[in-house]
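K.L.:
Pasting a structure here, questions to come.
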Number of protein chains: 2
Amino acid sequence: MSAVNRQIRLARRPVGEVGPEDWEHVSEPAAAPGEGQFAGRTRFISLDPAMRGWLDDRPSYLPPVGLGEVMRAGSVVEVTESNHPGFGIGDLVVGSFGVQEHVVSDGRGALRIDPSAAPASTFLGALGMPGMTAYFGLLDVGALQEGETVVVSGAAGAVGTLVGQIAKAKGCRVVGIAGGAEKCALLTGELGFDAAIDYRSEDVKKALRTHAPDGIDVYFDNVGGDILDAALAQLAMRARVVVCGAISQYNSTTGVQGPSNYLSLLVRRARMEGFVVFDYAPRFAEAARELGAWIAAGRITVLEHVVRGTLDDFPQTLQMLFRGENTGKLVLELV
Amino acid sequence: MSAVNRQIRLARRPVGEVGPEDWEHVSEPAAAPGEGQFAGRTRFISLDPAMRGWLDDRPSYLPPVGLGEVMRAGSVVEVTESNHPGFGIGDLVVGSFGVQEHVVSDGRGALRIDPSAAPASTFLGALGMPGMTAYFGLLDVGALQEGETVVVSGAAGAVGTLVGQIAKAKGCRVVGIAGGAEKCALLTGELGFDAAIDYRSEDVKKALRTHAPDGIDVYFDNVGGDILDAALAQLAMRARVVVCGAISQYNSTTGVQGPSNYLSLLVRRARMEGFVVFDYAPRFAEAARELGAWIAAGRITVLEHVVRGTLDDFPQTLQMLFRGENTGKLVLELV
């Protein structure tokens, strides 16, 4: 095992947008697996908006990534050597292995994937955390009922594309909010959304009155900021606002913009609720089964935005998320 | 019926704080009751923070009070003449009769009260809308469980004093937030709160860490603004934030301050939920029975701030609410 393990480590805590200077690129010898461990080579690295929050030194649902630590990330690795009975050479394994080329694992939190079921990258997307997030956020936190009107922001992203399609599969009317005509055309075309709103060129508040004239029953929020406020202004009675993320606010250096229309919750007898997908781990298999069946039946189209490159491409690939440059699940494939 | 009916009507829509110039004082002949109606003389008028919202021309849970209309208010009237089988002369009746000295009613929405059960004014307070608001907001929306930690803002007000005492009756730890040492002493003294925070002299965020070290399970919000943000920063896992009101924001001329810490809902898997007490009308009798029993048993102390005066005192009495000058339920008794 004389291979070199290249890693991306956190060099400093970013202020505002994460830049190349916030990372250090480190090489160290790849470790050999000990007893009960396996070693793997990274094939796909997941890029997620939540990563921005992990870089801030404040209490959250996970501890922050420490300065000098390998960046936390979900990834798919191919087993290259194994002293673990559950993992054999050539197996593809998904887990939180970090942004590095080589990993050693005792198998905790690692899941062997079935490559005949879906492409490996899909286990970082529709059959991975974004899929679980969309599924439990919409159905459990949002308590979605057939026939309701669902609005999702960040609709062309990894989670948003799935939220909309799950809602369609459940017999709901779906309006997506995304940035740009191309993304909007994709939502109403390929993905079957009933309507799409381009927040870059449209007045979102007005457009929601047009596309959800009887009010929004479930608003699934990935963005926060002005779009959250626009949605709050158009809630139906007893609406549910699912707080999944707030990508518009993650890079703010002036504090988070609170939703000034929150009193709409009172007028509309509505609720706003947050969740963390890891809490649903005991039910992931259930969700994966249903999502897998919808994908197999062609009811859910999996959109992946795969950047092929090297580990050094991680920093600029991450920036794509915050610039809205990806469509569907953003993944870095190491080639 | 040659009596003069003095009324307070809305002269113009207030900007910011409601002032004397926003009202007109009108006199007209008191009407006689028709068939199936009764007439009454107003004895007590309720003053409520929600009144401020009724003056703005925007959609809410009730239509705004129209310009030139008699101000909407709950009141207790004494029946002076009756052509209604359900109401006899001398009966005390509670209803939404408006800010006027004489009323005529067909009995819809009017409730004959039992003066032996409690003083008449209490049917505008602990046994009226504030009581129902505290009861259903805390127990139903807040889904309070025994042993939990409850924090209530506006704690010395009509609703707040009841929320804290109901929570104590249910076996919870209670922290009240109020303005001024005198109010805080009352909360921990006479009302049995476990702790009180004076938002005028203390850092509320720090004080909440001291008094709710394991987090807030139910935060009952009457005030909004910075205090809401302080509470959001200290939520326990799966906390419930009950949005009852936002008195700190009602007179704002620069828009409502949204809670910038709302992403704490995500980290803490918590929810924020609004409600309107009128939705619970079918269950008011149930709440009144339990509240009445607690009052009779001395477990709930009823605090009323009764201003004795004339109808012309309504405008300045209303201002007391927004200046924090009342303790407990504010009522104008016409003498």
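Order determines the names: the first chain of the structure tokens is A, the second B, and so forth; residues in each chain are numbered 1 upward, and ligands are numbered 1 upward as they are shown.
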Would you please extract all strand (DSSP E) residues from segment 153-318 of chain A, as assigned by DSSP on the backbone, and give them as a PyMOL selection string?
P.N.:
chain A and resi 153+173-178+195-198+216-221+235-243+271-274+304-309
K.L.:
I need the chosen residues saved as a short mmCIF file (atom, residue, chain, number, x, y, z; two decimals), in the first residue's frame, with N, CA and C atoms.
P.N.:
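Contents of result-v2.cif, as written:
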data_model
loop_
_atom_site.label_atom_id
_atom_site.label_comp_id
_atom_site.auth_asym_id
_atom_site.auth_seq_id
_atom_site.Cartn_x
_atom_site.Cartn_y
_atom_site.Cartn_z
N SER A 153 -39.12 24.88 -3.21
CA SER A 153 -38.08 25.78 -3.70
C SER A 153 -36.79 24.99 -3.88
N ARG A 173 -50.85 18.36 -6.74
CA ARG A 173 -50.47 19.42 -7.67
C ARG A 173 -49.13 19.99 -7.19
N VAL A 174 -48.20 20.20 -8.13
CA VAL A 174 -46.84 20.58 -7.73
C VAL A 174 -46.37 21.81 -8.49
N VAL A 175 -45.90 22.79 -7.73
CA VAL A 175 -45.29 23.99 -8.29
C VAL A 175 -43.85 24.06 -7.81
N GLY A 176 -42.93 24.21 -8.75
CA GLY A 176 -41.51 24.32 -8.39
C GLY A 176 -41.01 25.73 -8.57
N ILE A 177 -40.11 26.14 -7.69
CA ILE A 177 -39.46 27.45 -7.81
C ILE A 177 -37.98 27.19 -8.06
N ALA A 178 -37.47 27.75 -9.16
CA ALA A 178 -36.06 27.52 -9.52
C ALA A 178 -35.52 28.74 -10.22
N ALA A 195 -46.41 23.37 -12.63
CA ALA A 195 -46.00 24.74 -12.95
C ALA A 195 -44.62 24.97 -12.37
N ALA A 196 -43.93 25.95 -12.93
CA ALA A 196 -42.62 26.33 -12.41
C ALA A 196 -42.52 27.84 -12.40
N ILE A 197 -41.86 28.36 -11.41
CA ILE A 197 -41.67 29.80 -11.25
C ILE A 197 -40.18 30.09 -11.28
N ASP A 198 -39.78 30.99 -12.16
CA ASP A 198 -38.38 31.39 -12.27
C ASP A 198 -38.16 32.60 -11.36
N ILE A 216 -51.21 27.19 -0.60
CA ILE A 216 -50.20 26.13 -0.57
C ILE A 216 -50.48 25.25 0.64
N ASP A 217 -50.64 23.95 0.42
CA ASP A 217 -50.85 23.03 1.55
C ASP A 217 -49.53 22.62 2.19
N VAL A 218 -48.57 22.28 1.35
CA VAL A 218 -47.23 21.96 1.86
C VAL A 218 -46.21 22.79 1.11
N TYR A 219 -45.44 23.57 1.84
CA TYR A 219 -44.33 24.30 1.24
C TYR A 219 -43.04 23.66 1.75
N PHE A 220 -42.25 23.13 0.84
CA PHE A 220 -41.00 22.46 1.18
C PHE A 220 -39.88 23.42 0.87
N ASP A 221 -39.23 23.94 1.91
CA ASP A 221 -38.29 25.04 1.71
C ASP A 221 -36.84 24.60 1.77
N LEU A 235 -50.08 30.70 2.08
CA LEU A 235 -50.42 29.42 2.69
C LEU A 235 -51.93 29.18 2.70
N ALA A 236 -52.30 27.94 2.53
CA ALA A 236 -53.68 27.51 2.75
C ALA A 236 -53.89 27.31 4.26
N MET A 237 -55.14 27.18 4.65
CA MET A 237 -55.43 26.88 6.04
C MET A 237 -54.77 25.55 6.42
N ARG A 238 -54.21 25.51 7.62
CA ARG A 238 -53.57 24.31 8.17
C ARG A 238 -52.41 23.80 7.30
N ALA A 239 -51.73 24.74 6.67
CA ALA A 239 -50.58 24.39 5.83
C ALA A 239 -49.41 23.92 6.68
N ARG A 240 -48.51 23.18 6.05
CA ARG A 240 -47.27 22.74 6.68
C ARG A 240 -46.09 23.29 5.89
N VAL A 241 -45.22 23.98 6.58
CA VAL A 241 -43.98 24.49 5.98
C VAL A 241 -42.85 23.60 6.48
N VAL A 242 -42.22 22.89 5.56
CA VAL A 242 -41.14 21.98 5.92
C VAL A 242 -39.82 22.72 5.75
N VAL A 243 -39.11 22.89 6.86
CA VAL A 243 -37.83 23.60 6.83
C VAL A 243 -36.72 22.58 6.59
N ARG A 271 -48.25 25.39 10.40
CA ARG A 271 -47.05 25.11 11.17
C ARG A 271 -45.81 25.07 10.27
N MET A 272 -44.70 25.39 10.90
CA MET A 272 -43.40 25.36 10.23
C MET A 272 -42.55 24.42 11.05
N GLU A 273 -41.97 23.43 10.40
CA GLU A 273 -41.30 22.39 11.18
C GLU A 273 -39.99 21.98 10.52
N GLY A 274 -38.98 21.80 11.35
CA GLY A 274 -37.69 21.38 10.84
C GLY A 274 -37.45 19.91 11.09
N GLU A 304 -28.95 13.63 -12.36
CA GLU A 304 -27.64 13.78 -11.71
C GLU A 304 -26.75 14.69 -12.55
N HIS A 305 -26.06 15.52 -11.85
CA HIS A 305 -25.12 16.44 -12.49
C HIS A 305 -23.73 15.96 -12.09
N VAL A 306 -23.11 15.17 -12.94
CA VAL A 306 -21.84 14.53 -12.59
C VAL A 306 -20.68 15.31 -13.19
N VAL A 307 -19.84 15.83 -12.31
CA VAL A 307 -18.60 16.49 -12.74
C VAL A 307 -17.49 15.45 -12.68
N ARG A 308 -16.83 15.21 -13.79
CA ARG A 308 -15.73 14.23 -13.82
C ARG A 308 -14.42 14.97 -13.63
N GLY A 309 -13.65 14.56 -12.66
CA GLY A 309 -12.40 15.29 -12.42
C GLY A 309 -11.56 14.61 -11.37
#
K.L.:
Mind dumping a table of every chain A residue within 9 Å of chain B, with the nearest atom pair and its distance in Å to one decimal, using only C-alpha atoms, sorted by chain and rising number, as JSON lines?
P.N.:
{"residue": "A:Pro59", "atom": "CA", "partner": "B:Val267", "partner_atom": "CA", "distance": 8.7}
{"residue": "A:Ser60", "atom": "CA", "partner": "B:Val267", "partner_atom": "CA", "distance": 5.6}
{"residue": "A:Tyr61", "atom": "CA", "partner": "B:Val267", "partner_atom": "CA", "distance": 5.2}
{"residue": "A:Leu62", "atom": "CA", "partner": "B:Val267", "partner_atom": "CA", "distance": 8.9}
{"residue": "A:Val243", "atom": "CA", "partner": "B:Leu266", "partner_atom": "CA", "distance": 6.3}
{"residue": "A:Cys244", "atom": "CA", "partner": "B:Leu266", "partner_atom": "CA", "distance": 7.0}
{"residue": "A:Gly245", "atom": "CA", "partner": "B:Leu266", "partner_atom": "CA", "distance": 7.9}
{"residue": "A:Ala246", "atom": "CA", "partner": "B:Leu263", "partner_atom": "CA", "distance": 8.1}
{"residue": "A:Gly255", "atom": "CA", "partner": "B:Ser260", "partner_atom": "CA", "distance": 7.4}
{"residue": "A:Val256", "atom": "CA", "partner": "B:Ser260", "partner_atom": "CA", "distance": 5.2}
{"residue": "A:Gln257", "atom": "CA", "partner": "B:Ser260", "partner_atom": "CA", "distance": 5.4}
{"residue": "A:Gly258", "atom": "CA", "partner": "B:Ser260", "partner_atom": "CA", "distance": 3.7}
{"residue": "A:Pro259", "atom": "CA", "partner": "B:Gly258", "partner_atom": "CA", "distance": 4.4}
{"residue": "A:Ser260", "atom": "CA", "partner": "B:Gly258", "partner_atom": "CA", "distance": 3.7}
{"residue": "A:Asn261", "atom": "CA", "partner": "B:Gly258", "partner_atom": "CA", "distance": 6.9}
{"residue": "A:Tyr262", "atom": "CA", "partner": "B:Gly258", "partner_atom": "CA", "distance": 6.6}
{"residue": "A:Leu263", "atom": "CA", "partner": "B:Gly274", "partner_atom": "CA", "distance": 7.6}
{"residue": "A:Ser264", "atom": "CA", "partner": "B:Gly274", "partner_atom": "CA", "distance": 7.9}
{"residue": "A:Leu265", "atom": "CA", "partner": "B:Gly274", "partner_atom": "CA", "distance": 4.8}
{"residue": "A:Leu266", "atom": "CA", "partner": "B:Gly274", "partner_atom": "CA", "distance": 3.7}
{"residue": "A:Val267", "atom": "CA", "partner": "B:Tyr61", "partner_atom": "CA", "distance": 5.3}
{"residue": "A:Arg268", "atom": "CA", "partner": "B:Gly274", "partner_atom": "CA", "distance": 7.3}
{"residue": "A:Arg269", "atom": "CA", "partner": "B:Phe275", "partner_atom": "CA", "distance": 4.5}
{"residue": "A:Ala270", "atom": "CA", "partner": "B:Gly274", "partner_atom": "CA", "distance": 5.6}
{"residue": "A:Arg271", "atom": "CA", "partner": "B:Glu273", "partner_atom": "CA", "distance": 4.1}
{"residue": "A:Met272", "atom": "CA", "partner": "B:Met272", "partner_atom": "CA", "distance": 5.2}
{"residue": "A:Glu273", "atom": "CA", "partner": "B:Arg271", "partner_atom": "CA", "distance": 4.1}
{"residue": "A:Gly274", "atom": "CA", "partner": "B:Leu266", "partner_atom": "CA", "distance": 3.7}
{"residue": "A:Phe275", "atom": "CA", "partner": "B:Arg269", "partner_atom": "CA", "distance": 4.5}
{"residue": "A:Val276", "atom": "CA", "partner": "B:Leu266", "partner_atom": "CA", "distance": 6.6}
K.L.:
Put those residues in a file: N, CA and C atoms, as an mmCIF file, in the first residue's frame.
P.N.:
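Result saved to result29.cif:
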data_model
loop_
_atom_site.group_PDB
_atom_site.id
_atom_site.type_symbol
_atom_site.label_atom_id
_atom_site.label_comp_id
_atom_site.auth_asym_id
_atom_site.auth_seq_id
_atom_site.Cartn_x
_atom_site.Cartn_y
_atom_site.Cartn_z
ATOM 1 N N PRO A 59 -23.000 25.288 17.247
ATOM 2 C CA PRO A 59 -23.701 24.030 17.516
ATOM 3 C C PRO A 59 -24.741 23.770 16.432
ATOM 4 N N SER A 60 -24.825 22.560 15.982
ATOM 5 C CA SER A 60 -25.829 22.185 15.000
ATOM 6 C C SER A 60 -26.132 20.712 15.197
ATOM 7 N N TYR A 61 -26.744 20.078 14.196
ATOM 8 C CA TYR A 61 -27.130 18.680 14.349
ATOM 9 C C TYR A 61 -25.928 17.749 14.222
ATOM 10 N N LEU A 62 -24.819 18.272 13.705
ATOM 11 C CA LEU A 62 -23.548 17.544 13.670
ATOM 12 C C LEU A 62 -22.483 18.514 14.160
ATOM 13 N N VAL A 243 -39.108 22.892 6.862
ATOM 14 C CA VAL A 243 -37.832 23.603 6.825
ATOM 15 C C VAL A 243 -36.724 22.582 6.592
ATOM 16 N N CYS A 244 -36.290 22.493 5.345
ATOM 17 C CA CYS A 244 -35.251 21.521 4.994
ATOM 18 C C CYS A 244 -33.893 22.191 4.912
ATOM 19 N N GLY A 245 -33.878 23.436 4.443
ATOM 20 C CA GLY A 245 -32.616 24.143 4.293
ATOM 21 C C GLY A 245 -32.866 25.595 3.967
ATOM 22 N N ALA A 246 -31.780 26.331 3.767
ATOM 23 C CA ALA A 246 -31.892 27.769 3.518
ATOM 24 C C ALA A 246 -30.674 28.230 2.734
ATOM 25 N N GLY A 255 -25.942 37.836 8.902
ATOM 26 C CA GLY A 255 -26.963 37.144 9.674
ATOM 27 C C GLY A 255 -28.062 36.614 8.778
ATOM 28 N N VAL A 256 -28.798 35.674 9.334
ATOM 29 C CA VAL A 256 -29.884 35.042 8.586
ATOM 30 C C VAL A 256 -31.086 35.984 8.524
ATOM 31 N N GLN A 257 -31.712 36.032 7.360
ATOM 32 C CA GLN A 257 -32.927 36.833 7.191
ATOM 33 C C GLN A 257 -34.112 36.022 7.714
ATOM 34 N N GLY A 258 -34.710 36.465 8.800
ATOM 35 C CA GLY A 258 -35.866 35.756 9.341
ATOM 36 C C GLY A 258 -37.095 36.014 8.491
ATOM 37 N N PRO A 259 -38.031 35.074 8.475
ATOM 38 C CA PRO A 259 -39.237 35.226 7.653
ATOM 39 C C PRO A 259 -40.212 36.232 8.277
ATOM 40 N N SER A 260 -40.260 37.431 7.700
ATOM 41 C CA SER A 260 -41.095 38.470 8.311
ATOM 42 C C SER A 260 -42.584 38.149 8.176
ATOM 43 N N ASN A 261 -42.931 37.228 7.288
ATOM 44 C CA ASN A 261 -44.345 36.836 7.159
ATOM 45 C C ASN A 261 -44.717 35.662 8.061
ATOM 46 N N TYR A 262 -43.938 35.417 9.100
ATOM 47 C CA TYR A 262 -44.209 34.226 9.913
ATOM 48 C C TYR A 262 -45.559 34.281 10.618
ATOM 49 N N LEU A 263 -46.117 35.484 10.787
ATOM 50 C CA LEU A 263 -47.430 35.555 11.457
ATOM 51 C C LEU A 263 -48.542 34.983 10.583
ATOM 52 N N SER A 264 -48.232 34.723 9.335
ATOM 53 C CA SER A 264 -49.159 33.985 8.485
ATOM 54 C C SER A 264 -49.443 32.604 9.089
ATOM 55 N N LEU A 265 -48.504 32.077 9.851
ATOM 56 C CA LEU A 265 -48.736 30.795 10.534
ATOM 57 C C LEU A 265 -49.936 30.894 11.461
ATOM 58 N N LEU A 266 -50.094 32.054 12.088
ATOM 59 C CA LEU A 266 -51.210 32.271 13.006
ATOM 60 C C LEU A 266 -52.523 32.407 12.206
ATOM 61 N N VAL A 267 -52.500 33.314 11.253
ATOM 62 C CA VAL A 267 -53.728 33.577 10.480
ATOM 63 C C VAL A 267 -54.209 32.299 9.799
ATOM 64 N N ARG A 268 -53.254 31.493 9.291
ATOM 65 C CA ARG A 268 -53.606 30.287 8.528
ATOM 66 C C ARG A 268 -53.591 29.022 9.385
ATOM 67 N N ARG A 269 -53.404 29.161 10.693
ATOM 68 C CA ARG A 269 -53.366 27.976 11.575
ATOM 69 C C ARG A 269 -52.391 26.957 10.984
ATOM 70 N N ALA A 270 -51.224 27.440 10.646
ATOM 71 C CA ALA A 270 -50.256 26.608 9.938
ATOM 72 C C ALA A 270 -49.066 26.324 10.827
ATOM 73 N N ARG A 271 -48.249 25.386 10.395
ATOM 74 C CA ARG A 271 -47.047 25.110 11.169
ATOM 75 C C ARG A 271 -45.813 25.074 10.269
ATOM 76 N N MET A 272 -44.698 25.388 10.901
ATOM 77 C CA MET A 272 -43.405 25.362 10.225
ATOM 78 C C MET A 272 -42.549 24.422 11.045
ATOM 79 N N GLU A 273 -41.967 23.427 10.404
ATOM 80 C CA GLU A 273 -41.295 22.385 11.182
ATOM 81 C C GLU A 273 -39.986 21.983 10.520
ATOM 82 N N GLY A 274 -38.976 21.803 11.347
ATOM 83 C CA GLY A 274 -37.688 21.379 10.836
ATOM 84 C C GLY A 274 -37.446 19.909 11.094
ATOM 85 N N PHE A 275 -36.467 19.363 10.391
ATOM 86 C CA PHE A 275 -36.133 17.955 10.610
ATOM 87 C C PHE A 275 -34.692 17.710 10.164
ATOM 88 N N VAL A 276 -34.158 16.612 10.604
ATOM 89 C CA VAL A 276 -32.820 16.178 10.209
ATOM 90 C C VAL A 276 -32.969 14.741 9.750
#
K.L.:
Report the residues of segment 177-286 of chain A whose backbone DSSP state falls under helix (DSSP H, G or I), written as a ChimeraX atom specification.
P.N.:
/A:181-188,204-211,225-232,264-267,277-286
K.L.:
Go ahead and write the residues just picked, C-alpha atoms, as a tab-separated table (two decimals), in the first residue's frame.
P.N.:
chain	number	residue	atom	x	y	z
A	181	ALA	CA	-35.87	29.41	-17.78
A	182	GLU	CA	-33.94	26.26	-18.56
A	183	LYS	CA	-34.46	24.74	-15.13
A	184	CYS	CA	-38.13	25.73	-15.18
A	185	ALA	CA	-38.64	24.11	-18.57
A	186	LEU	CA	-37.07	20.94	-17.23
A	187	LEU	CA	-39.40	20.89	-14.22
A	188	THR	CA	-42.61	21.21	-16.23
A	204	VAL	CA	-42.60	34.92	-6.84
A	205	LYS	CA	-45.38	36.20	-4.60
A	206	LYS	CA	-47.58	37.07	-7.57
A	207	ALA	CA	-46.71	33.87	-9.39
A	208	LEU	CA	-47.70	31.80	-6.35
A	209	ARG	CA	-51.10	33.50	-6.33
A	210	THR	CA	-51.46	32.46	-9.96
A	211	HIS	CA	-50.22	28.89	-9.64
A	225	GLY	CA	-35.02	34.35	2.45
A	226	ASP	CA	-37.49	36.22	0.26
A	227	ILE	CA	-38.87	33.06	-1.32
A	228	LEU	CA	-39.83	31.64	2.08
A	229	ASP	CA	-41.63	34.90	2.80
A	230	ALA	CA	-43.45	34.75	-0.52
A	231	ALA	CA	-44.64	31.23	0.24
A	232	LEU	CA	-45.76	32.15	3.77
A	264	SER	CA	-49.16	33.99	8.49
A	265	LEU	CA	-48.74	30.79	10.53
A	266	LEU	CA	-51.21	32.27	13.01
A	267	VAL	CA	-53.73	33.58	10.48
A	277	VAL	CA	-32.85	13.19	7.89
A	278	PHE	CA	-30.54	11.07	10.05
A	279	ASP	CA	-33.37	10.68	12.56
A	280	TYR	CA	-35.15	8.53	9.99
A	281	ALA	CA	-32.28	6.04	9.60
A	282	PRO	CA	-34.39	3.14	10.94
A	283	ARG	CA	-36.82	3.73	8.05
A	284	PHE	CA	-34.34	4.35	5.21
A	285	ALA	CA	-34.88	0.87	3.76
A	286	GLU	CA	-38.63	1.47	3.54
